[in-house]
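The next block holds one structure in the form of structure tokens; read it before the comments.
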There are 4 protein chains.
Amino acid sequence: MIVEMRFKAPKAETEAVIAKAKSLGFSVQPNVGTDKTVIAILGSNTGQISTDIFAVLPGVEHVTRIMKPYKLASREFNPKGTIVKVGGVSIGGNQLVVMAGPCAVESKKQLEEAARVVKAAGAVIMRGGAFKPRSSPFSFQGLEKAGLELLAEARQKYGLPIITEVVDPSQVELVAQYVDILQVGSRNMQNFSLLTEIGKMKMPVVLKRGLANTVTEWLTAADYILAGGNKDVILCERGIRTFEDSTRFSMDISSIPVIKKASHLPIIADPSHAAGHYSLVPALAKAAIAAGADGLLIEVHPNPKEALVDGLQSLTPSDFKRLMGEIKLISEAMGRTL
Amino acid sequence: MIVEMRFKAPKAETEAVIAKAKSLGFSVQPNVGTDKTVIAILGSNTGQISTDIFAVLPGVEHVTRIMKPYKLASREFNPKGTIVKVGGVSIGGNQLVVMAGPCAVESKKQLEEAARVVKAAGAVIMRGGAFKPRSSPFSFQGLEKAGLELLAEARQKYGLPIITEVVDPSQVELVAQYVDILQVGSRNMQNFSLLTEIGKMKMPVVLKRGLANTVTEWLTAADYILAGGNKDVILCERGIRTFEDSTRFSMDISSIPVIKKASHLPIIADPSHAAGHYSLVPALAKAAIAAGADGLLIEVHPNPKEALVDGLQSLTPSDFKRLMGEIKLISEAMGRTL
Amino acid sequence: MIVEMRFKAPKAETEAVIAKAKSLGFSVQPNVGTDKTVIAILGSNTGQISTDIFAVLPGVEHVTRIMKPYKLASREFNPKGTIVKVGGVSIGGNQLVVMAGPCAVESKKQLEEAARVVKAAGAVIMRGGAFKPRSSPFSFQGLEKAGLELLAEARQKYGLPIITEVVDPSQVELVAQYVDILQVGSRNMQNFSLLTEIGKMKMPVVLKRGLANTVTEWLTAADYILAGGNKDVILCERGIRTFEDSTRFSMDISSIPVIKKASHLPIIADPSHAAGHYSLVPALAKAAIAAGADGLLIEVHPNPKEALVDGLQSLTPSDFKRLMGEIKLISEAMGRTL
Amino acid sequence: MIVEMRFKAPKAETEAVIAKAKSLGFSVQPNVGTDKTVIAILGSNTGQISTDIFAVLPGVEHVTRIMKPYKLASREFNPKGTIVKVGGVSIGGNQLVVMAGPCAVESKKQLEEAARVVKAAGAVIMRGGAFKPRSSPFSFQGLEKAGLELLAEARQKYGLPIITEVVDPSQVELVAQYVDILQVGSRNMQNFSLLTEIGKMKMPVVLKRGLANTVTEWLTAADYILAGGNKDVILCERGIRTFEDSTRFSMDISSIPVIKKASHLPIIADPSHAAGHYSLVPALAKAAIAAGADGLLIEVHPNPKEALVDGLQSLTPSDFKRLMGEIKLISEAMGRTL
């Protein structure tokens with residue numbers, strides 16, 4: 001942590017900062033410049049304390065963090081990288097993993113048809129929402145428990161591991177009984193009660209990036225789950241909120257190589273929610289793979305025109321099949337298998 | 001809802017859109033231009049259905065919403081405005097309401113000292129956090145139930161109604177037993193499980209704006225609480241996330257007059273979280289009042305240098321006292337009482 | 001400047017950074033922590049060199065700037081503050097200055113009517129655009145030289161100093177012959193050719209903030225003008241681009257107190273461009289004054305319904321007169337005169 | 001254009017809107033709903049008039065644009081797409097075009113070394129800046145005319161067409177004498193004087209996206225150049241400003257497929273400015289190609305450690321050579337040649 005003192009701050013103020021840092025067990029080195037004094041506060045736990053502790057002291061102009069606030073999610077913690085295993089599938093290794101299916105579970109017929117087509121096209125994990133976080137209380141909220149049962153049936157029948165979203169801490173155990181991967185949605189990335197509950201589980205979790213959260217905040221949220229003892233965290237880029245309005249969100253393609261450098265966790269991308277329109281999904285899916293993503297989460301609906309939720313961003317079975325062919329070519333160009 | 005067809009879309013596609021709209025009970029008027037056909041879909045419930053229903057149909061270029069997605073929070077729903085009452089205090093009327101206190105409850109001594117000074121300076125409601133949503137799992141998470149008990153004691157002793165944050169749906173009932181106003185924090189604005197639970201209560205709630213949510217999303221979130229039967233929603237602007245980094249967030253001052261026009265709900269402002277630095281709080285507090293806010297939520301700590309959370313944005317007792325004097329002058333200029 | 005070395009960077013890499021800094025004449029202090037080495041590079045000109053010089057060296061993780069990149073615009077450069085004088089008006093002192101008039105000069109009749117009403121209501125400087133930077137080539141581009149002549153006539157007749165925008169470096173001298181204050185528009189804040197040309201003039205300039213520029217970039221742009229020898233720079237906050245779409249831009253109200261702390265230059269606000277809608281202008285105007293602005297730039301049109309440019313954000317004469325009365329009350333509450 | 005009247009707006013107000021639209025030569029169709037009247041204003045030039053014309057009328061709630069404000073840059077204007085030719089190179093066809101070279105021309109030696117290595121690795125156009133728009137007046141501003149001469153010499157010697165930035169309308173003709181492609185930088189995307197001057201030229205121009213401009217504004221800026229008679233506009237995505245701070249800008253990867261759908265102009269990407277760090281450039285370059293870009297603009301410096309400008313985002317010759325190999329594989333997967 002770097003504490004910059006104000007221009008001509010009295011010596012006593014500088015000494016108070018030094019004393020505070022020493023009282024917390026840190027090593028301290030003051031750098032006295034011609035205009036300013038800058039104090040370096042060193043130690044491996046400085047990332048986990050608030051900058052406010054020093055910023056609030058008299059004579060302090062500004063405090064800059066050097067150590068990142070996340071620890072368990074950092075690349076240094078596990079330099080060779082994490083591979084998450086679910087069913088026979090490995091996420092984070094050389095093979096790319098495509099998870100596909102409808103936004104919401106609507107009926108047995110819809111779900112089974114979806115399972116059939118995504119499996120045939122090469123998806124290895126199936127997605128489907130039973131609890132839907134909807135921005136309006138007047139919208140369809142999902143089939144809830146009945147939806148979980150349909151998901152479990154489809155898993156049985158088609159042999160695809162299932163991922164579904166959990167939105168309430170009290171439902172984590174229930175949902176975990178029916179599926180293989182838990183998903184934390186974008187709007188819950190900083191729902192710390194939910195993260196804490198999921199941290200207690202021993203099963204994979206996809207942690208979607210909050211629509212207005214930095215990469216640093218995202219990895220710090222991952223630390224909540226990792227600190228609870230659950231090691232199987234997969235990150236998912238799904239677009240951030242910007243001023244641009246030609247897409248629903250702006251996929252932050254740079255976050256993929258940034259995460260690969262900063263963290264040991266696998267990262268996948270959700271081009272469907274980022275784009276908000278089916279016609280843009282293939283370009284974003286291919287771009288994510290070319291940027292180094294470990295997999296994709298794609299919405300596919302047997303009949304998007306009848307979808308109860310997010311039909312506009314869902315691919316039809318034939319569009320998905322065509323896209324899988326294109327992704328295969330990009331995967332090979334990247335030296336990876338699909 | 002306005003459906004814009006593609007350039008030279010075949011007549012059958014236009015007819016399919018019209019048929020779909022009629023099947024949902026809406027009235028429809030096609031507008032055939034020289035280059036494009038534009039279909040108006042009319043009816044008072046069009047705001048509550050998804051634009052995707054039409055956007056996904058063949059030949060559709062773009063769909064624009066005319067009716068807002070929120071309904072119960074709209075000004076039309078209650079043109080004369082809502083006044084929320086708590087203890088002897090009215091929020092949303094001519095009197096401005098200042099809520100003040102520490103970010104986190106730390107100890108009996110700290111809380112009582114804070115209560116004493118904020119009351120003496122003119123605050124009529126006390127704030128204090130028992131459950132703290134912290135971005136890192138390694139940070140202080142609040143005193144939890146013990147904190148609620150300290151808040152209830154302070155209320156007893158100083159006669160100030162209490163506002164505190166609730167972060168987990170399962171704790172809503174517990175928290176409600178100890179305090180007078182529930183607070184939904186910025187990161188939980190779209191935690192729909194929490195909103196639903198609070199909607200079942202009969203007590204005032206402050207709904208903070210999500211750091212990346214539009215005014216429309218904010219009012220739609222308010223609809224969740226209102227739809228449950230809880231009418232006492234107070235909105236709170238606390239800054240949005242932008243590219244600017246000289247402040248922690250950017251207070252969206254315009255949201256205050258926008259909300260006054262669009263909604264009947266009272267709106268207050270939290271200059272402390274918006275600014276992130278005590279030195280900027282007075283300017284933002286005065287600006288919010290001048291823009292038409294019904295009150296303020298301000299962090300005050302007996303000794304910010306020792307604060308466990310957010311010390312940098314907390315005012316000292318003497319700074320708060322001075323600010324209350326300045327706010328009084330602005331209130332009078334606005335024709336309001338403090 | 002703080003150079004953070006990578007975890008376990010070899011000593012030779014650290015020494016290369018130190019040697020580079022010394023070769024540039026800076027004083028250097030290495031801070032060797034348990035995990036990382038952090039090198040402080042000190043000297044009063046470190047703000048004016050690029051961080052890249054060090055960031056590009058082997059073994060460097062990250063470089064943080066301590067000294068600001070702007071110098072002449074900083075508060076330290078002129079601690080007591082700059083007052084810009086034009087005609088008999090002082091900008092930056094105790095008196096608040098309201099500049100008002102139409103977005104574009106349209107005709108002699110329109111301009112004179114505007115001059116009459118803004119003067120009667122208490123404005124002391126008149127605005128009007130002769131060269132209009134329009135986002136589409138098919139829009140009205142302003143009366144250009146004929147517009148300047150109308151402005152000069154109105155100045156003569158009503159005795160109000162005139163402010164107008166200049167958009168092309170080659171027109172700076174021409175425009176300067178007709179008006180009292182030059183304006184650099186938001187889209188030209190980083191048009192360095194234009195800033196350089198204006199720096200050579202000896203007349204006041206209003207430098208509007210770029211719609212996506214930070215406060216630091218804004219003050220660094222001011223340095224271009226100041227470095228040329230023109231000391232009379234007035235800053236103008238006019239809203240930044242964010243995700244929020246209920247207003248045209250988001251007025252960054254916090255920039256006002258931030259600038260007051262960081263710079264000696266006067267700052268005014270333009271609520272008209274920020275809001276984009278006449279009904280929001282009064283609230284933003286009052287908020288800006290309450291936040292500490294030194295004045296306002298407001299669009300007023302004798303008949304907004306017939307305006308060729310930006311009619312929606314223009315006040316009518318009667319709305320402007322009412323607003324001036326409200327601003328007077330806020331000014332007094334702030335201890336300032338109008 | 002869709003004009004939404006206020007709830008229960010009197011009939012006379014609706015009629016005034018209709019009369020105004022008819023007076024402008026548009027066809028009008030009112031849609032009277034149960035709650036609101038919505039007026040459709042139709043005609044192929046409605047995109048080129050301001051929404052304010054109607055929004056300012058009494059009783060109007062909101063106006064929505066249907067036709068885009070750009071016209072000449074739209075896909076409808078030239079459905080089969082534009083191919084820009086320069087030297088023997090075609091931009092916008094099946095072949096991908098890589099333009100590479102240093103950010104700034106520094107010396108004959110540096111430039112020739114750069115030309116040699118980028119040509120050897122497969123780049124077909126060379127970049128190099130002679131006029132540098134720098135955010136601080138204290139930074140290196142480019143070699144200016146001497147830089148142009150060095151560029152012309154390098155072109156002669158290595159047979160690579162040259163692209164360079166022009167920043168001032170008065171220098172357009174000068175720069176055009178030395179190079180093959182003009183570049184409009186991000187900060188000048190809405191410098192309409194500059195765009196107008198370039199519109200008069202008959203030579204290719206790369207129009208970089210403004211760091212805070214929407215796709216719609218970008219295409220409308222292209223209309224300025226196209227309206228002047230210059231048909232050879234190439235768009236360049238280079239990252240937008242968002243809240244994320246782990247990269248210098250956020251490359252808006254979605255803009256590539258959006259532009260491909262909305263416009264007939266070729267689009268390339270500049271991963272160097274978007275990322276701001278050499279280690280992220282390869283991932284972004286590959287992602288842009290996979291998203292459908294027609295080429296890349298990449299910074300390469302013979303010795304980034306000695307670069308006067310933007311060394312941190314420049315690739316070394318060996319890194320560039322490796323990247324070209326990777327891009328070749330992605331190109332093939334996309335069915336394109338390099």
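Each chain of the structure tokens is named A, B, ... in the order shown, its residues numbered from 1; ligands are numbered from 1 in display order.
The neighbours of Thr337 in chain B here are the residues that come within 10 Å of it, using only C-alpha atoms and leaving out any residue fewer than 2 positions away in the same chain; they are Gly93, Asn94, Gln95, Leu96, Val97, Lys328, Leu329, Ile330, Ser331, Glu332, Ala333, Met334 and Gly335 of chain B.
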Give as a PyMOL selection string every residue of chain B that touches chain C within 8 Å, counting only C-alpha atoms.
chain B and resi 212-215+242-247+250-254+257-258+275+280+283-284+286-292+326+329-330+333-334
Determine, counting only C-alpha atoms, which protein, DNA and RNA residues have an atom within 6 Å of an atom of Val3 in chain D; residues of the same chain fewer than 2 positions away are not included. Present the result as a compact mmCIF listing (two decimals) with C-alpha atoms, in the first residue's frame.
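Final output, selection11.txt:
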# COMPACT_ATOMS: atom_id res chain seq x y z
CA VAL D 38 -49.07 7.53 -30.44
CA ILE D 39 -48.36 9.27 -33.74
CA VAL D 63 -40.20 10.95 -29.33
Just list as a tab-separated table (two decimals) with all heavy atoms, in the first residue's frame whatever in range 162-305 of chain C DSSP marks as strand (DSSP E or B).
chain	number	residue	atom	x	y	z
C	162	ILE	N	-20.19	38.69	-24.86
C	162	ILE	CA	-20.68	37.55	-25.65
C	162	ILE	C	-19.71	36.37	-25.54
C	162	ILE	O	-18.50	36.54	-25.60
C	162	ILE	CB	-20.75	37.95	-27.14
C	162	ILE	CG1	-21.69	39.14	-27.36
C	162	ILE	CG2	-21.16	36.76	-28.01
C	162	ILE	CD1	-23.15	38.84	-27.24
C	163	ILE	N	-20.30	35.17	-25.41
C	163	ILE	CA	-19.52	33.93	-25.49
C	163	ILE	C	-20.03	33.12	-26.68
C	163	ILE	O	-21.23	33.00	-26.88
C	163	ILE	CB	-19.60	33.09	-24.19
C	163	ILE	CG1	-18.95	31.72	-24.41
C	163	ILE	CG2	-21.02	32.92	-23.68
C	163	ILE	CD1	-18.77	30.90	-23.13
C	164	THR	N	-19.10	32.60	-27.47
C	164	THR	CA	-19.50	31.74	-28.60
C	164	THR	C	-18.45	30.66	-28.80
C	164	THR	O	-17.30	30.80	-28.40
C	164	THR	CB	-19.71	32.57	-29.90
C	164	THR	OG1	-20.59	31.85	-30.78
C	164	THR	CG2	-18.39	32.80	-30.64
C	165	GLU	N	-18.88	29.57	-29.44
C	165	GLU	CA	-17.98	28.44	-29.63
C	165	GLU	C	-17.12	28.60	-30.87
C	165	GLU	O	-17.56	29.12	-31.90
C	165	GLU	CB	-18.82	27.16	-29.78
C	165	GLU	CG	-17.96	25.92	-29.96
C	165	GLU	CD	-18.70	24.61	-29.77
C	165	GLU	OE1	-19.89	24.62	-29.44
C	165	GLU	OE2	-18.05	23.56	-29.95
C	181	ILE	N	-15.69	35.99	-25.03
C	181	ILE	CA	-15.23	34.72	-24.45
C	181	ILE	C	-15.33	33.66	-25.54
C	181	ILE	O	-16.35	33.54	-26.21
C	181	ILE	CB	-16.11	34.27	-23.25
C	181	ILE	CG1	-16.25	35.39	-22.22
C	181	ILE	CG2	-15.55	33.01	-22.62
C	181	ILE	CD1	-17.13	35.02	-21.01
C	182	LEU	N	-14.26	32.88	-25.70
C	182	LEU	CA	-14.29	31.75	-26.63
C	182	LEU	C	-14.79	30.52	-25.87
C	182	LEU	O	-14.52	30.37	-24.68
C	182	LEU	CB	-12.88	31.47	-27.17
C	182	LEU	CG	-12.23	32.60	-27.96
C	182	LEU	CD1	-10.79	32.23	-28.29
C	182	LEU	CD2	-13.03	32.89	-29.23
C	183	GLN	N	-15.47	29.65	-26.56
C	183	GLN	CA	-15.90	28.41	-25.93
C	183	GLN	C	-15.34	27.23	-26.70
C	183	GLN	O	-15.42	27.18	-27.93
C	183	GLN	CB	-17.43	28.34	-25.93
C	183	GLN	CG	-17.95	27.04	-25.32
C	183	GLN	CD	-19.47	26.92	-25.43
C	183	GLN	OE1	-20.20	27.83	-25.04
C	183	GLN	NE2	-19.94	25.82	-25.97
C	184	VAL	N	-14.73	26.29	-25.96
C	184	VAL	CA	-14.32	25.01	-26.55
C	184	VAL	C	-15.39	24.00	-26.17
C	184	VAL	O	-15.64	23.77	-24.98
C	184	VAL	CB	-12.94	24.56	-26.02
C	184	VAL	CG1	-12.57	23.19	-26.60
C	184	VAL	CG2	-11.89	25.59	-26.36
C	205	VAL	N	-11.57	31.95	-22.01
C	205	VAL	CA	-12.07	30.78	-22.74
C	205	VAL	C	-12.81	29.87	-21.75
C	205	VAL	O	-12.35	29.66	-20.63
C	205	VAL	CB	-10.93	30.02	-23.44
C	205	VAL	CG1	-9.82	29.66	-22.49
C	205	VAL	CG2	-11.44	28.75	-24.12
C	206	VAL	N	-13.97	29.41	-22.18
C	206	VAL	CA	-14.69	28.40	-21.40
C	206	VAL	C	-14.34	27.04	-22.02
C	206	VAL	O	-14.58	26.81	-23.20
C	206	VAL	CB	-16.22	28.63	-21.45
C	206	VAL	CG1	-16.98	27.38	-21.01
C	206	VAL	CG2	-16.60	29.81	-20.55
C	207	LEU	N	-13.75	26.17	-21.20
C	207	LEU	CA	-13.35	24.84	-21.66
C	207	LEU	C	-14.34	23.82	-21.14
C	207	LEU	O	-14.33	23.47	-19.95
C	207	LEU	CB	-11.93	24.51	-21.16
C	207	LEU	CG	-11.38	23.13	-21.53
C	207	LEU	CD1	-11.19	22.99	-23.03
C	207	LEU	CD2	-10.05	22.88	-20.81
C	208	LYS	N	-15.22	23.35	-22.01
C	208	LYS	CA	-16.20	22.36	-21.57
C	208	LYS	C	-15.55	21.00	-21.41
C	208	LYS	O	-14.63	20.65	-22.14
C	208	LYS	CB	-17.34	22.29	-22.59
C	208	LYS	CG	-18.29	23.48	-22.50
C	208	LYS	CD	-19.57	23.16	-23.25
C	208	LYS	CE	-20.69	24.08	-22.84
C	208	LYS	NZ	-21.96	23.65	-23.46
C	233	VAL	N	-8.75	30.73	-18.15
C	233	VAL	CA	-9.53	29.53	-18.46
C	233	VAL	C	-10.63	29.34	-17.43
C	233	VAL	O	-10.38	29.39	-16.23
C	233	VAL	CB	-8.61	28.28	-18.48
C	233	VAL	CG1	-9.42	27.02	-18.75
C	233	VAL	CG2	-7.51	28.44	-19.53
C	234	ILE	N	-11.85	29.14	-17.92
C	234	ILE	CA	-13.00	28.82	-17.07
C	234	ILE	C	-13.44	27.42	-17.46
C	234	ILE	O	-13.67	27.13	-18.64
C	234	ILE	CB	-14.16	29.81	-17.36
C	234	ILE	CG1	-13.72	31.25	-17.11
C	234	ILE	CG2	-15.40	29.45	-16.53
C	234	ILE	CD1	-14.51	32.27	-17.93
C	235	LEU	N	-13.59	26.52	-16.49
C	235	LEU	CA	-14.04	25.16	-16.77
C	235	LEU	C	-15.56	25.11	-16.77
C	235	LEU	O	-16.21	25.89	-16.08
C	235	LEU	CB	-13.47	24.21	-15.72
C	235	LEU	CG	-11.94	24.22	-15.63
C	235	LEU	CD1	-11.48	23.47	-14.37
C	235	LEU	CD2	-11.31	23.58	-16.87
C	236	CYS	N	-16.13	24.19	-17.52
C	236	CYS	CA	-17.60	24.05	-17.55
C	236	CYS	C	-18.01	22.58	-17.57
C	236	CYS	O	-17.77	21.87	-18.54
C	236	CYS	CB	-18.18	24.79	-18.76
C	236	CYS	SG	-19.99	24.65	-18.87
C	237	GLU	N	-18.65	22.15	-16.48
C	237	GLU	CA	-19.21	20.78	-16.40
C	237	GLU	C	-20.51	20.75	-17.18
C	237	GLU	O	-21.39	21.58	-16.95
C	237	GLU	CB	-19.47	20.44	-14.93
C	237	GLU	CG	-20.36	19.23	-14.68
C	237	GLU	CD	-19.77	17.90	-15.14
C	237	GLU	OE1	-18.54	17.72	-15.03
C	237	GLU	OE2	-20.54	17.05	-15.64
C	240	ILE	N	-21.61	13.92	-18.39
C	240	ILE	CA	-20.77	12.87	-18.97
C	240	ILE	C	-21.66	11.75	-19.50
C	240	ILE	O	-22.84	11.67	-19.17
C	240	ILE	CB	-19.75	12.30	-17.95
C	240	ILE	CG1	-20.46	11.76	-16.70
C	240	ILE	CG2	-18.72	13.35	-17.58
C	240	ILE	CD1	-19.53	11.04	-15.72
C	250	SER	N	-25.24	12.60	-18.07
C	250	SER	CA	-25.38	12.61	-16.61
C	250	SER	C	-24.50	13.72	-16.04
C	250	SER	O	-23.27	13.64	-16.13
C	250	SER	CB	-24.93	11.27	-16.02
C	250	SER	OG	-25.72	10.21	-16.52
C	252	ASP	N	-22.17	15.41	-13.85
C	252	ASP	CA	-21.29	14.89	-12.79
C	252	ASP	C	-21.14	15.97	-11.73
C	252	ASP	O	-20.15	16.69	-11.69
C	252	ASP	CB	-19.94	14.50	-13.39
C	252	ASP	CG	-19.01	13.91	-12.33
C	252	ASP	OD1	-19.49	13.55	-11.24
C	252	ASP	OD2	-17.80	13.82	-12.60
C	263	SER	N	-7.97	22.35	-8.39
C	263	SER	CA	-7.56	23.39	-9.33
C	263	SER	C	-7.88	24.78	-8.83
C	263	SER	O	-8.77	24.98	-7.99
C	263	SER	CB	-8.26	23.15	-10.68
C	263	SER	OG	-7.96	24.18	-11.59
C	267	ILE	N	-15.12	27.34	-12.11
C	267	ILE	CA	-15.91	26.29	-12.77
C	267	ILE	C	-17.38	26.70	-12.79
C	267	ILE	O	-17.92	27.13	-11.77
C	267	ILE	CB	-15.71	24.91	-12.11
C	267	ILE	CG1	-16.61	23.86	-12.80
C	267	ILE	CG2	-15.95	24.92	-10.61
C	267	ILE	CD1	-16.29	22.44	-12.47
C	268	ILE	N	-17.99	26.58	-13.97
C	268	ILE	CA	-19.42	26.82	-14.12
C	268	ILE	C	-20.07	25.52	-14.59
C	268	ILE	O	-19.37	24.54	-14.86
C	268	ILE	CB	-19.70	27.98	-15.10
C	268	ILE	CG1	-19.22	27.64	-16.52
C	268	ILE	CG2	-19.06	29.28	-14.61
C	268	ILE	CD1	-19.63	28.66	-17.58
C	269	ALA	N	-21.39	25.52	-14.68
C	269	ALA	CA	-22.10	24.31	-15.12
C	269	ALA	C	-23.10	24.66	-16.21
C	269	ALA	O	-23.66	25.75	-16.23
C	269	ALA	CB	-22.83	23.67	-13.94
C	295	GLY	N	-20.94	29.71	-11.55
C	295	GLY	CA	-21.88	30.29	-12.49
C	295	GLY	C	-22.55	29.22	-13.31
C	295	GLY	O	-22.35	28.02	-13.08
C	296	LEU	N	-23.37	29.67	-14.26
C	296	LEU	CA	-24.16	28.76	-15.08
C	296	LEU	C	-24.15	29.22	-16.53
C	296	LEU	O	-24.04	30.43	-16.80
C	296	LEU	CB	-25.62	28.74	-14.59
C	296	LEU	CG	-25.84	28.20	-13.17
C	296	LEU	CD1	-27.23	28.58	-12.68
C	296	LEU	CD2	-25.65	26.68	-13.12
C	297	LEU	N	-24.31	28.28	-17.42
C	297	LEU	CA	-24.45	28.56	-18.85
C	297	LEU	C	-25.77	27.89	-19.24
C	297	LEU	O	-25.90	26.66	-19.17
C	297	LEU	CB	-23.28	27.91	-19.58
C	297	LEU	CG	-23.13	28.12	-21.08
C	297	LEU	CD1	-22.92	29.60	-21.41
C	297	LEU	CD2	-21.91	27.34	-21.58
C	298	ILE	N	-26.78	28.71	-19.58
C	298	ILE	CA	-28.14	28.19	-19.74
C	298	ILE	C	-28.68	28.57	-21.12
C	298	ILE	O	-28.51	29.70	-21.58
C	298	ILE	CB	-29.06	28.75	-18.64
C	298	ILE	CG1	-28.55	28.31	-17.26
C	298	ILE	CG2	-30.50	28.29	-18.84
C	298	ILE	CD1	-29.39	28.81	-16.10
C	299	GLU	N	-29.35	27.62	-21.75
C	299	GLU	CA	-29.96	27.92	-23.04
C	299	GLU	C	-31.36	28.49	-22.85
C	299	GLU	O	-32.21	27.88	-22.20
C	299	GLU	CB	-30.01	26.65	-23.91
C	299	GLU	CG	-28.61	26.17	-24.20
C	299	GLU	CD	-28.47	25.33	-25.44
C	299	GLU	OE1	-29.49	24.90	-26.01
C	299	GLU	OE2	-27.30	25.11	-25.84
C	300	VAL	N	-31.56	29.66	-23.46
C	300	VAL	CA	-32.85	30.34	-23.42
C	300	VAL	C	-33.19	30.74	-24.85
C	300	VAL	O	-32.33	31.26	-25.56
C	300	VAL	CB	-32.78	31.61	-22.53
C	300	VAL	CG1	-34.13	32.34	-22.51
C	300	VAL	CG2	-32.33	31.26	-21.12
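Neighbours of Glu76 in chain B closer than or equal to 9 Å, with only C-alpha atoms counted and sequence neighbours fewer than 6 positions away skipped, come out as Ala262, Ser263 and His264 of chain B; Phe7 of chain D.
You can rank D:Ile83, D:Pro266, D:Gln48, D:Val179 by their closest distance to Ser139 in chain C using only C-alpha atoms, and at the top of that list sits D:Gln48.
Proximity ranking of C:Gly122, C:Met201, C:Phe138, C:Gly129 relative to Gly228 in chain D places C:Phe138 first, based on only C-alpha atoms.
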Apply DSSP to the backbone of this structure and, from range 26-125 of chain C, keep only the residues in helix (DSSP H, G or I); write these as a ChimeraX atom specification.
/C:46-48,52-55,75-77,108-121
Pull C-alpha atoms from the residues just selected and write them as an mmCIF file, in the first residue's frame.
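Final file, again.cif:
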data_model
loop_
_atom_site.group_PDB
_atom_site.id
_atom_site.type_symbol
_atom_site.label_atom_id
_atom_site.label_comp_id
_atom_site.auth_asym_id
_atom_site.auth_seq_id
_atom_site.Cartn_x
_atom_site.Cartn_y
_atom_site.Cartn_z
ATOM 1 C CA THR C 46 7.328 12.875 -12.553
ATOM 2 C CA GLY C 47 3.725 13.823 -13.424
ATOM 3 C CA GLN C 48 4.797 14.988 -16.859
ATOM 4 C CA ASP C 52 5.111 3.512 -19.959
ATOM 5 C CA ILE C 53 8.784 4.390 -19.676
ATOM 6 C CA PHE C 54 8.986 2.119 -16.654
ATOM 7 C CA ALA C 55 6.026 -0.211 -17.270
ATOM 8 C CA ARG C 75 -4.479 24.314 -7.054
ATOM 9 C CA GLU C 76 -0.842 24.227 -5.838
ATOM 10 C CA PHE C 77 0.142 26.433 -8.760
ATOM 11 C CA LYS C 108 -31.325 39.262 -35.910
ATOM 12 C CA LYS C 109 -34.838 39.229 -34.501
ATOM 13 C CA GLN C 110 -34.345 35.976 -32.545
ATOM 14 C CA LEU C 111 -31.014 37.094 -31.104
ATOM 15 C CA GLU C 112 -32.158 40.538 -30.042
ATOM 16 C CA GLU C 113 -35.281 39.195 -28.419
ATOM 17 C CA ALA C 114 -33.137 36.651 -26.564
ATOM 18 C CA ALA C 115 -30.674 39.339 -25.461
ATOM 19 C CA ARG C 116 -33.485 41.493 -24.161
ATOM 20 C CA VAL C 117 -35.078 38.759 -22.065
ATOM 21 C CA VAL C 118 -31.914 37.258 -20.606
ATOM 22 C CA LYS C 119 -30.625 40.695 -19.611
ATOM 23 C CA ALA C 120 -33.949 41.644 -18.036
ATOM 24 C CA ALA C 121 -33.902 38.435 -15.992
#
Within 10 Å of range 11-21 of chain B, counting only C-alpha atoms, which residues show up once you throw out same-chain ones fewer than 4 positions away? Write them as a count of residues only, please.
26
